[in-house]
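Structure first, commentary second.
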Amino acid sequence: MHKTLLFIFLSLICFAGNAQTGSLSGRVTNENGAAVEGATLKIKELNRSAITDMEGKYELRSVKYGSYTLVVSALQTDAKSVSVKVGTGNTVMNVKVKSAGARALEQVFIEGKTEKKTIETSGFAINVVETKEASLRNVQTNELLDRTVGVRVRQNGGLGSAVEYNLNGMSGRSVGIFIDGIEISTYGSSFNLNSIPPSMVERIEVYKGVLPAHLSGDYMGGAINVVLKKDISQNNIAASISYGSFNTYQVDASAMYRNSKNGFTAKASGFYTYTDNSYETWGKFSKFITPDGQVERYYRARRFNDSFKSTGGRFELGFTNVKWADALLLGYNGSSTDNEIPHGQVMAKPYVGRTSEAQAHVFNLIYNKKDLFTNGLSLNVNGVYSDRSTYLQDTVGYLYNWDGNYRLDFYNRPMYREGYGQQGLDVITDISRRITTLRSNLSYDIFSGHRLSINHVYYTVDRDDEDLLRPVANGSLKTISDLQKQITAFNYEAQLFGDKLKTNLFLKYYQQNVGRTTPIVSTVGGQNVVNTARSDKKIDATGYGLAASYALKPKIVLIASAEQAVRMPGDTEILGDPNENVLSNFSIRPEVARNINLGFRLGNFEIDKHRISVSGNAFSRNIKDRIVRQVNSTLSDQEVEVSPFMNIGRAKSLGFEAELGYAYSNRLNVMFTFSKFNSVFKQGDDSVTGQRLTQYEGEQLPNEPFFTMNGNAQYRLNNVLQKNSLLNLFYNFGYVAPFRTVWPESEWFTTPTQFAQDLGLSYKFPDRKLVVSLDAKNILNAEIYDNFGVQKPGRAFFVKLNYSINRL
Amino acid sequence: MKTELLRTIMFGAAITALSLSACKKSDGPGENIADSDRWITISGAMDDPSNAEVGDGNAGTMVYSLTVEEAKNPGISVNVFDQGMHVKSQRTARLQASADGKYLYNIQYVGEDGGIFNKMSVHGGKDFRPEGSEVDTEPYVSASPRWLKAVEGVGIAVKAEANAVVYEGASPNFVFKGRTASVDVITLDLNNPKITKVADFQLPLSPEEVAAGYYVSRIDVPVVNKAGNKVYIGAAISKHNTSSFTIGTDGLPVFAADNASPRSWAKTLVLDYPALENPKVLTSTQTRGSTNGYRSTMQYVGTDGHVYQATSGEGPGNGGSKILKISAESNDYDNSYVFSLDQALGETNTYIETWKYAGDGIGFVVYSKYTGTGNTRTGGYIARVNLNNKTATKYTLPNEATLNFGQIQAITMHDEDVFIAVAPVGMDGNMYIFNRKTGEMTVGAKLVNKPGNQYIGVY
């Protein structure tokens with residue numbers, strides 16, 4: 001229905017007018033070749049401007065074809081005008097300016113929008129995490145995300161341990177993670193936010209609740225999109241090495257080469273991370289058990305068997321900014337991790353010898369071109385093929401205590417279980433998956449400020465499980481599951497009322513096919529007869545939404561977005577799983593969420609040297625047809641409980657988040673964010689009796705960190721120790737309010753207040769090639785937990801050296 | 001400039017401090033509770049609203065203690081969910097108590113501390129104080145242990161974990177060979193909490209039963225006999241279909257459960273006590289049911305020295321639950337004895353949820369009935385039974401059709417009185433007191449309920 005409506009709507013728009021636009025980018029340097037940061041570049045005729053970043057780079061997008069005068073001004077340099085002609089694709093204009101002696105810094109005046117600001121005022125409830133600063137420091141990608149408003153990263157221990165992302169109170173399967181718009185599962189568990197260093201990342205976009213058409217996925221809570229480094233403006237080599245507490249070292253390096261004549265482009269980057277995670281725990285769940293079972297709590301234990309090793313490399317070859325393509329790149333992404341698993345979901349028992357290894361070989365092809373065949377038509381294709389595998393081994397039958405030794409039984413013997421590993425029966429399994437994802441986006445600028453686009457995603461996975469501990473003779477006969485997903489999204493973007501109003505209307509059509517072939521063997525007259533059972537289920541669903549922003553004044557922007565989002569049932573939820581005692585349910589429907597965001601962005605307001613910005617967002621998430629496992633009411637029956645998944649009940653989440661920024665004279669930068677939400681189940685009343693069904697109707701869900709605050713401050717000092725050097729001092733705090741982990745009021749089951757503070761500094765040497773960073777994390781050695789009872793690292797120190805050569 | 005930074009940090013810290021102090025909990029109203037020689041502790045389980053099942057009792061346990069006089073007084077109202085203390089356990093705690101009501105014993109059910117035992121002394125109201133060491137039983141009996149106070153001062157926790165199915169042959173010509181269970185049994189000193197004995201062994205059934213696909217799937221409700229030299233442990237027997245299987249994603253055969261064939265005869269595991277050695281399986285041919293109950297005691301040492309054991313799970317149309325006798329002389333089933341609740345009541349399809357032996361052959365049975373469709377059960381009823389002359393008298397309770405004793409954990413006795421908490425899920429009810437000698441039923445304190453919750457025990 002809605003689809004038809006949109007089609008009619010779209011057909012009504014006449015395909016008239018043409019606006020040919022290109023982009024203009026480049027780099028501003030001084031007479032010594034050093035980058036000029038904070039220079040303003042203004043296209044005089046269009047009154048449009050941009051500001052250079054730390055590396056002196058700038059970019060202006062959607063510039064109409066033509067010849068212009070570009071005025072470059074900066075406090076530390078003399079003003080300069082150059083003429084430039086903007087044509088197809090990206091026009092590169094590098095500008096050399098002359099330093100103008102010592103001039104007061106007070107007069108910095110910033111206009112123009114950064115990429116961050118452009119995205120953040122597009123109408124979606126989105127936060128952009130920039131990684132440039134962090135990549136020079138000892139900060140992990142997950143830490144950066146965790147500092148973002150409305151995002152809570154919950155990690156089950158130290159570096160490399162399992163992570164769950166919570167966006168505005170929604171988590172798990174509701175939140176999608178993408179790399180360059182491709183679902184992260186394609187890249188395997190060895191290439192994820194635990195292992196990707198910030199230096200490989202251009203920026204991270206966090207979409208709350210409402211997803212734009214180009215990030216199509218059946219996610220109800222929003223998504224995190226990691227945009228890997230795209231920059232091709234100059235040839236460079238960069239490398240860094242870091243070492244710190246818990247024997248943690250990290251190395252990464254990258255290189256970029258582009259032949260400006262023929263557009264040949266080669267990019268390579270790689271990383272290596274190793275840590276022992278040998279940090280101490282001392283909370284109430286840090287336990288030592290005596291042979292007669294008595295429990296000693298608050299036991300100071302050093303985590304062991306918790307090492308994490310991660311290696312990865314990414315190589316891309318192709319052509320950029322040539323006539324026939326803005327980019328044609330063939331890439332290979334290889335990664336592997338080696339992870340010791342120190343305990344289960346809780347710290348109750350330390351594990352020894354439970355390890356997982358993951359590997360992924362990913363090949364991808366990127367093609368994009370603006371103004372393909374005709375002006376205003378853009379094509380963007382990203383195809384990925386991945387061959388990934390996960391190996392799990394757990395065959396040590398001994399039990400351990402948190403002192404690192406064998407756990408002794410009542411007779412003082414090491415406790416040992418024949419046939420068991422650390423977590424249940426012994427296992428050695430290898431699961432391999434071959435995933436193909438193809439994402440294509442075709443957009444057409446109907447006339448200036450109006451763009452239509454179609455986005456299509458195709459995803460298929462082929463999985464093979466192997467039991468290496470109990471290999472099956474002639475074991476090729478297996479249950480085979482297949483899954484294909486297709487998402488087609490239509491998108492209409494318009495800029496109206498002199499670009500004051502930006503709207504983005506989208507419609508998404510989800511199709512999913514799951515199938516399973518199960519061999520069924522019956523013994524008939526002493527002979528085994530093989531039959532196969534085939535089950536198939538095709539599900540489709542439609543979602544739609546709108547994002548809009550309205551600039552009341554240039555510095556007062558109102559933002560709103562809404563989406564009917566869909567989460568398709570998984571194959572186990574539809575087809576069941578005999579190994580997990582799950583029955584099939586072919587009538588299961590997708591979960592549906594109605595998500596609404598209403599927000600504003602104010603600023604930057606400047607008063608003398610003070611600069612202030614404020615933004616806020618209120619959100620509501622309304623989920624119906626939640627998919628939950630049915631619980632059997634006759635639990636005391638002796639048969640093993642088997643039950644299906646069903647669409648039952650509703651859930652609701654309401655909340656508010658805000659971000660407050662303050663800067664003083666380009667020296668001090670302070671940011672404060674907070675997020676508070678209330679997530680509840682809504683079961684409604686009994687349909688027959690009209691009675692309330694539960695005491696906890698409408699109460700905050702347990703185990704949700706519903707109130708968080710983050711703050712950070714950065715102070716910049718010039719010319720410390722050496723002239724032209726740059727010293728940055730950092731402070732960061734994270735606060736999580738206490739939250740219950742069970743429904744009833746219970747002090748014991750409440751995760752206490754968490755307040756962790758970090759300090760850091762980075763020093764950029766005058767040659768601008770070498771940067772040294774020191775970071776001290778959790779300086780007060782606070783007891784912090786993401787997950788109940790699993791303590792996170794205390795005080796830790798790290799040092800990092802970065803070296804980069806930019807003009808090659 | 002540095003002071004600016006400092007000020008910002010201080011500002012942030014001040015906000016944090018402010019919000020921290022705002023979160024401080026207020027203390028409950030002061031309660032003046034007199035001392036008592038015998039506390040009657042009531043427990044209730046909360047519904048977990050995250051699933052579809054109402055009254056699943058999975059959200060945790062609350063406890064509150066009354067004096068005997070209060071418990072018997074219908075003018076007194078108690079709401080354990082508002083007034084009580086939350087027992088440490090992520091899901092419903094498995095609570096036991098000393099016979100004098102002075103101590104509660106808890107083993108936490110699942111979660112970080114699943115399998116950890118702790119002891120509390122009872123001081124009335126919501127005043128329960130931890131006493132003695134915590135004891136970790138998890139490596140022996142898992143984070144969801146089955147356990148009971150098997151004799152005063154001694155707890156016995158048990159676990160039977162079915163081993164992987166044994167089969168032979170290459171794919172697809174697999175042949176089912178059988179399944180065994182690994183059993184762990186430990187004894188706990190409840191007075192000075194610690195483990196006092198551990199044992200583990202493999203528990204196969206007879207070769208014929210194993211070949212047919214039967215195996216021990218669960219054990220529970222240990223009790224020590226009168227002589228103090230044997231411990232009896234109830235068991236549930238499950239069965240695989242041996243003649244048909246599917247092949248899983250890893251290429252291994254999956255033999256499904258067989259619920260169509262006749263169930264196994266009732267069985268009990270017996271061990272020497274306190275050595276926990278010499279495991280044997282006793283079989284009664286009086287009923288095809290389970291002897292492990294669900295969350296509460298199913299077997300007691302009678303005044304005559306024999307052990308009386310209730311069965312359940314016979315399935316509809318199979319004669320209902322029985323009470324069997326394990327002889328004090330032979331330490332085996334007295335296969336000539338059976339008490340049929342169906343027959344004694346003149347009913348069909350009765351299902352004993354729990355019961356209490358009240359001395360001299362008298363017992364109080366809490367039961368439901370199979371509806372006949374599948375294995376669903378309905379209703380909640382109480383009857384006084386005489387095991388010697390095999391008679392039973394049913395009491396009339398309000399809301400019998402909607403009562404659900406599926407999660408009942410405990411019935412307590414004090415002098416001549418037997419205390420049972422009776423309240424439908426999500427609705428108010430009362431303490432009911434039964435005189436074990438005269439059989440007289442009286443209504444005691446009012447039990448105030450909350451939506452989805454239920455009263456599950458009296459200690």
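Note on naming: chains are A, B, ... as they come in the structure tokens, residues start from 1 per chain, ligands start from 1 in the order shown.
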*Secondary structure check, alpha helix (DSSP H) residues of region 44-229 of chain B, as a PyMOL selection string*: chain B and resi 68-72+80-83+138-141+207-212
Residues from the last selection, C-alpha atoms, saved as a PDB file, in the first residue's frame:
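selection.pdb was written with the following content:
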ATOM      1  CA  VAL B  68       2.965 -18.546  64.783  1.00  0.00           C
ATOM      2  CA  GLU B  69       0.147 -16.459  66.240  1.00  0.00           C
ATOM      3  CA  GLU B  70       0.325 -13.964  63.364  1.00  0.00           C
ATOM      4  CA  ALA B  71       0.429 -16.733  60.792  1.00  0.00           C
ATOM      5  CA  LYS B  72      -2.727 -18.220  62.247  1.00  0.00           C
ATOM      6  CA  VAL B  80       5.990 -10.555  50.972  1.00  0.00           C
ATOM      7  CA  PHE B  81       6.494  -8.780  47.649  1.00  0.00           C
ATOM      8  CA  ASP B  82       6.367  -5.326  49.233  1.00  0.00           C
ATOM      9  CA  GLN B  83       7.402  -6.087  52.802  1.00  0.00           C
ATOM     10  CA  GLU B 138      28.613 -25.427  41.440  1.00  0.00           C
ATOM     11  CA  PRO B 139      31.488 -27.621  40.172  1.00  0.00           C
ATOM     12  CA  TYR B 140      29.729 -30.681  41.558  1.00  0.00           C
ATOM     13  CA  VAL B 141      26.044 -30.015  41.095  1.00  0.00           C
ATOM     14  CA  PRO B 207      21.317 -53.249  29.477  1.00  0.00           C
ATOM     15  CA  GLU B 208      17.807 -53.905  28.133  1.00  0.00           C
ATOM     16  CA  GLU B 209      16.579 -50.448  29.178  1.00  0.00           C
ATOM     17  CA  VAL B 210      19.681 -48.769  27.773  1.00  0.00           C
ATOM     18  CA  ALA B 211      19.270 -50.560  24.442  1.00  0.00           C
ATOM     19  CA  ALA B 212      15.629 -49.493  24.324  1.00  0.00           C
TER      20      ALA B 212
END
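Residues with any atom within 8 Å of Asp536 (chain A), counting only C-alpha atoms and excluding same-chain neighbours fewer than 3 positions away, are Asn513, Val514, Gly515 and Arg516 of chain A.
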_Residues within 12 Å of Asn647 (chain A), please, as an MDAnalysis selection string. Count only C-alpha atoms; anything in the same chain fewer than 6 positions from it doesn't count._
(chainID A and resid 567:569 573:574 585:592 623:630 683) or (chainID B and resid 51:52)
Store the residues of this selection in a file with N, CA and C atoms, as a PDB file, in the first residue's frame.
ATOM      1  N   ARG A 567      12.347  -6.014  12.051  1.00  0.00           N
ATOM      2  CA  ARG A 567      13.390  -6.999  12.346  1.00  0.00           C
ATOM      3  C   ARG A 567      12.834  -8.353  11.909  1.00  0.00           C
ATOM      4  N   MET A 568      13.482  -8.940  10.900  1.00  0.00           N
ATOM      5  CA  MET A 568      13.001 -10.213  10.369  1.00  0.00           C
ATOM      6  C   MET A 568      13.335 -11.343  11.348  1.00  0.00           C
ATOM      7  N   PRO A 569      12.478 -12.355  11.444  1.00  0.00           N
ATOM      8  CA  PRO A 569      12.811 -13.489  12.305  1.00  0.00           C
ATOM      9  C   PRO A 569      13.993 -14.270  11.729  1.00  0.00           C
ATOM     10  N   GLU A 573      14.333 -19.081  14.646  1.00  0.00           N
ATOM     11  CA  GLU A 573      13.027 -18.635  15.113  1.00  0.00           C
ATOM     12  C   GLU A 573      11.895 -19.144  14.202  1.00  0.00           C
ATOM     13  N   ILE A 574      12.207 -19.318  12.937  1.00  0.00           N
ATOM     14  CA  ILE A 574      11.191 -19.813  12.002  1.00  0.00           C
ATOM     15  C   ILE A 574      11.211 -21.335  11.933  1.00  0.00           C
ATOM     16  N   ASN A 585       8.021 -22.433  13.855  1.00  0.00           N
ATOM     17  CA  ASN A 585       6.813 -21.624  13.835  1.00  0.00           C
ATOM     18  C   ASN A 585       6.782 -20.881  12.499  1.00  0.00           C
ATOM     19  N   PHE A 586       6.025 -21.458  11.561  1.00  0.00           N
ATOM     20  CA  PHE A 586       6.028 -20.887  10.221  1.00  0.00           C
ATOM     21  C   PHE A 586       5.128 -19.660  10.103  1.00  0.00           C
ATOM     22  N   SER A 587       4.367 -19.388  11.141  1.00  0.00           N
ATOM     23  CA  SER A 587       3.489 -18.217  11.047  1.00  0.00           C
ATOM     24  C   SER A 587       4.093 -17.014  11.779  1.00  0.00           C
ATOM     25  N   ILE A 588       5.336 -17.125  12.179  1.00  0.00           N
ATOM     26  CA  ILE A 588       5.956 -16.019  12.919  1.00  0.00           C
ATOM     27  C   ILE A 588       6.097 -14.797  12.003  1.00  0.00           C
ATOM     28  N   ARG A 589       5.862 -13.643  12.579  1.00  0.00           N
ATOM     29  CA  ARG A 589       5.924 -12.394  11.815  1.00  0.00           C
ATOM     30  C   ARG A 589       7.167 -11.589  12.229  1.00  0.00           C
ATOM     31  N   PRO A 590       7.553 -10.643  11.381  1.00  0.00           N
ATOM     32  CA  PRO A 590       8.673  -9.781  11.783  1.00  0.00           C
ATOM     33  C   PRO A 590       8.294  -8.919  12.993  1.00  0.00           C
ATOM     34  N   GLU A 591       9.277  -8.569  13.787  1.00  0.00           N
ATOM     35  CA  GLU A 591       9.051  -7.573  14.841  1.00  0.00           C
ATOM     36  C   GLU A 591       8.977  -6.202  14.176  1.00  0.00           C
ATOM     37  N   VAL A 592       8.138  -5.368  14.697  1.00  0.00           N
ATOM     38  CA  VAL A 592       7.982  -4.042  14.103  1.00  0.00           C
ATOM     39  C   VAL A 592       8.189  -2.994  15.189  1.00  0.00           C
ATOM     40  N   ILE A 623       7.832  -1.055  20.214  1.00  0.00           N
ATOM     41  CA  ILE A 623       7.981  -2.335  19.527  1.00  0.00           C
ATOM     42  C   ILE A 623       6.733  -3.181  19.737  1.00  0.00           C
ATOM     43  N   LYS A 624       6.254  -3.758  18.662  1.00  0.00           N
ATOM     44  CA  LYS A 624       5.174  -4.732  18.828  1.00  0.00           C
ATOM     45  C   LYS A 624       5.558  -6.029  18.148  1.00  0.00           C
ATOM     46  N   ASP A 625       4.819  -7.081  18.459  1.00  0.00           N
ATOM     47  CA  ASP A 625       5.110  -8.413  17.936  1.00  0.00           C
ATOM     48  C   ASP A 625       6.525  -8.858  18.280  1.00  0.00           C
ATOM     49  N   ARG A 626       6.952  -8.541  19.493  1.00  0.00           N
ATOM     50  CA  ARG A 626       8.277  -8.970  19.919  1.00  0.00           C
ATOM     51  C   ARG A 626       8.399 -10.484  19.774  1.00  0.00           C
ATOM     52  N   ILE A 627       9.540 -10.933  19.300  1.00  0.00           N
ATOM     53  CA  ILE A 627       9.746 -12.374  19.141  1.00  0.00           C
ATOM     54  C   ILE A 627      10.409 -12.901  20.410  1.00  0.00           C
ATOM     55  N   VAL A 628       9.676 -13.743  21.128  1.00  0.00           N
ATOM     56  CA  VAL A 628      10.249 -14.317  22.350  1.00  0.00           C
ATOM     57  C   VAL A 628       9.996 -15.818  22.350  1.00  0.00           C
ATOM     58  N   ARG A 629      10.816 -16.503  23.103  1.00  0.00           N
ATOM     59  CA  ARG A 629      10.654 -17.950  23.256  1.00  0.00           C
ATOM     60  C   ARG A 629       9.495 -18.210  24.185  1.00  0.00           C
ATOM     61  N   GLN A 630       8.642 -19.101  23.786  1.00  0.00           N
ATOM     62  CA  GLN A 630       7.529 -19.455  24.656  1.00  0.00           C
ATOM     63  C   GLN A 630       8.048 -20.311  25.805  1.00  0.00           C
ATOM     64  N   GLN A 683       2.957  -5.706  28.551  1.00  0.00           N
ATOM     65  CA  GLN A 683       2.253  -6.953  28.261  1.00  0.00           C
ATOM     66  C   GLN A 683       0.777  -6.714  28.072  1.00  0.00           C
TER      67      GLN A 683
ATOM     68  N   ASN B  51       8.787 -12.871  29.237  1.00  0.00           N
ATOM     69  CA  ASN B  51       8.285 -13.927  28.363  1.00  0.00           C
ATOM     70  C   ASN B  51       6.768 -13.959  28.420  1.00  0.00           C
ATOM     71  N   ALA B  52       6.198 -14.849  27.661  1.00  0.00           N
ATOM     72  CA  ALA B  52       4.746 -14.865  27.500  1.00  0.00           C
ATOM     73  C   ALA B  52       4.040 -15.532  28.665  1.00  0.00           C
TER      74      ALA B  52
END
*Any idea what's packed within 9 Å of Asn528 (chain A), counting only C-alpha atoms, ignoring anything in its chain fewer than 6 positions away? Could you give it as a list in words?*
Val521 and Ser522 of chain A; Pro172, Asn173, Phe174, Val175, Ser243 and Ser244 of chain B
